[in-house]
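Please read the structure below before turning to the comments.
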Amino acid sequence: MSDILSYSEDGGLALELSAGAAALAVASAGGACALVMDASAGAGSRGPVLVLRGDAPLAGDHELVAQAILAAAKTRGSSVVLIGATKLGRQVAGKLAVMAGMGVLSDVRDLKVEDGKLTGMRGVYAGRFNARLSSPLPCIALVPRGAYQATASGPAPEEELKVSVLPSRVRHLEERPKSKESVDLRTAKIIVAAGRGFKKKEDLALAEGLVEALGGVLGASRPLSSDLGWLGEERHVGLTGIYVRPNLYIAVGISGQLQHVAGMKDSRVIVAINRDKQAPIFQVADYGIVGDLYQVLPALMGVLRS
């Protein structure tokens with residue numbers, strides 16, 4: 001079988017994909033190659049690193065990245081491309097699929113090549129069940145963080161591939177650095193997650209007070225991170241955010257839709273605080289408090305600090 005290509009603009013995820021591509025290549029009697037736009041990004045990859053060079057900077061523009069990956073796939077005769085399931089990765093996969101006429105398996109793990117098809121497993125119905133997906137080769141797979149374990153390795157051999165890409169339709173005006181907090185919800189033992197039940201951003205001080213009292217970390221549902229921008233996306237727990245497994249997960253003002261539950265259902269103890277007694281979050285909670293968070297949180301902090 002031809003090379004299995006892997007790509008992500010996220011360095012950590014790129015190493016995970018490189019390990020996944022190597023494992024898939026061994027099982028399929030083929031080879032694996034990690035694609036990078038910058039040679040330094042390939043440090044620690046499993047197997048050869050193919051550095052893509054274009055007439056214009058490729059990184060950050062999903063159309064140019066897709067063109068570059070397609071050129072590499074044609075050069076290597078590759079029939080499987082693993083792409084990290086980030087925002088940019090999803091854009092790249094969609095564009096590449098249209099350009100190359102390839103199918104896409106989204107958010108899949110446990111990948112295998114069987115009978116001319118790429119197959120993978122994906123959680124459905126908030127992770128209650130696993131669905132087995134497959135698509136004929138050639139195929140693209142969007143792989144989430146944590147699907148494979150990155151392994152330490154020495155310097156990987158590098159090969160440079162020059163690719164020709166069409167002029168970008170994106171006009172670069174300016175760059176504004178986004179402040180990113182040094183928080184990793186995946187390692188947190190206690191998480192207090194805030195939801196749409198908070199009426200304004202300033203009220204998050206109530207949740208932060210509970211976090212401080214418990215020695216935990218503040219998380220959020222999608223509306224607060226992606227829609228309102230009250231908290232950074234690194235705090236977003238859910239199907240399209242971070243999967244967490246803390247010892248204690250306190251959902252405050254979160255209704256408990258499937259998208260959110262999928263990211264926290266494996267927590268050891270789940271506590272829900274919501275004024276709607278019919279809220280779906282109570283179906284997965286070990287303990288539930290039906291009440292107004294503006295009254296419940298101060299009462300809880302009073303007990304914890306006494």
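So you can find residues: chains in the structure tokens are A, B, ... in the order shown, residues in each start at 1, and ligands are numbered from 1 in order.
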Pull the closest atom pair for each residue of segment 96-132 of chain A that gets at most 10 Å from segment 72-79 of chain A, along with the distance in Å to one decimal, counting only C-alpha atoms, ordering rows by chain and then ascending residue number, as a Markdown table.
```
| residue | atom | partner | partner_atom | distance |
| --- | --- | --- | --- | --- |
| A:Ala100 | CA | A:Lys74 | CA | 9.7 |
| A:Met102 | CA | A:Ser79 | CA | 9.1 |
| A:Gly116 | CA | A:Ser79 | CA | 9.9 |
| A:Lys117 | CA | A:Ser79 | CA | 9.9 |
| A:Leu118 | CA | A:Ser79 | CA | 9.4 |
```
**OP:** Would you kindly return, as a list in words, each protein, DNA or RNA residue with an atom no farther than 8 Å from any atom of Leu218 of chain A, considering only C-alpha atoms and excluding same-chain residues fewer than 4 positions away?
**Re:**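 These residues fall inside the cut-off: Ile191, Val192, Ala193, Ala194, Ala207, Glu208, Val211 and Arg235 of chain A.
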Original post:
Pick the closest to Gly209 of chain A from A:Glu9, A:Gly195, A:Gly94, A:Leu297: which is it, counting only C-alpha atoms?
Top reply: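 Among the listed residues, A:Leu297 lies closest to Gly209 of chain A.
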**OP:** Find the residues near Val108 of chain A: any atom within 6 Å, counting only C-alpha atoms, skip ones fewer than 6 places away on the same chain, and give them as a ChimeraX atom specification.
**Re:** /A:120-122,143
**OP:** Could you tell me how far atom CA of Leu304 of chain A lies from atom CA of Asp292 of chain A, in Å and to one decimal?
**Re:** 18.4 Å
**OP:** Could you check which of A:Glu234, A:Leu64, A:Gly11, A:Ser226 is closest to Ser168 of chain A, using only C-alpha atoms?
**Re:**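 With only C-alpha atoms as the atom set, the closest residue is A:Leu64.
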Subject >> Backbone-only DSSP, strand (DSSP E) members of segment 256-287 of chain A, as number ranges by chain >> reply: A: 269-274, 287
Subject >> Contacts of Ala71 of chain A within 12 Å, only C-alpha atoms, excl. fewer than 4 positions in-chain, as a count of residues only >> reply: 23
Original post:
What lies within 12 Å of Ala14 of chain A using only C-alpha atoms, ignoring chain neighbours under 2 positions off, as a PyMOL selection string?
Top reply: chain A and resi 5-12+16-21+33-37+41-46+49+82-86+89+143-151
Written selection (C-alpha atoms) as a compact mmCIF listing (two decimals), in the first residue's frame:
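File written: again.txt
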```txt
# COMPACT_ATOMS: atom_id res chain seq x y z
CA LEU A 5 -0.16 10.97 4.94
CA SER A 6 -0.90 12.85 8.16
CA TYR A 7 -1.22 16.58 8.77
CA SER A 8 -2.18 19.05 11.48
CA GLU A 9 -1.15 22.63 12.11
CA ASP A 10 -1.24 21.82 15.84
CA GLY A 11 2.16 20.45 16.85
CA GLY A 12 0.92 18.09 19.57
CA GLU A 16 -0.43 11.95 17.59
CA LEU A 17 -1.48 11.65 13.94
CA SER A 18 2.04 10.67 12.96
CA ALA A 19 1.89 7.79 15.46
CA GLY A 20 -1.56 6.83 14.18
CA ALA A 21 -0.42 6.88 10.57
CA CYS A 33 4.71 10.16 6.09
CA ALA A 34 3.99 13.27 8.17
CA LEU A 35 3.29 16.45 6.21
CA VAL A 36 4.48 19.77 7.65
CA MET A 37 4.73 23.31 6.33
CA ALA A 41 7.17 21.19 13.17
CA GLY A 42 8.12 17.63 12.27
CA ALA A 43 10.45 17.07 15.21
CA GLY A 44 9.48 13.90 17.03
CA SER A 45 7.32 12.49 14.24
CA ARG A 46 7.10 8.76 13.72
CA VAL A 49 8.67 14.01 7.41
CA LEU A 82 -5.24 11.78 8.23
CA ILE A 83 -6.04 15.37 9.22
CA GLY A 84 -6.35 16.73 12.74
CA ALA A 85 -9.93 17.63 13.66
CA THR A 86 -9.23 21.30 14.43
CA GLY A 89 -8.31 20.90 9.77
CA VAL A 143 -8.99 12.47 13.69
CA PRO A 144 -9.71 14.10 17.08
CA ARG A 145 -7.14 14.80 19.74
CA GLY A 146 -6.44 11.81 21.97
CA ALA A 147 -7.30 9.16 19.38
CA TYR A 148 -3.64 8.08 19.28
CA GLN A 149 -0.81 8.30 21.77
CA ALA A 150 2.14 10.38 20.64
CA THR A 151 5.39 8.54 21.26
```
Original post:
Which residues in segment 23-238 of chain A does DSSP call helix (DSSP H, G or I)? List them as a VMD selection string.
Top reply: chain A and resid 23 to 27 39 to 42 62 to 76 87 to 100 185 to 187 201 to 214 222 to 227 233 to 235
Subject >> Interatomic distance, atom CA of Ala23 of chain A to atom CA of Ile4 of chain A (Å, one decimal) >> reply: 10.1 Å
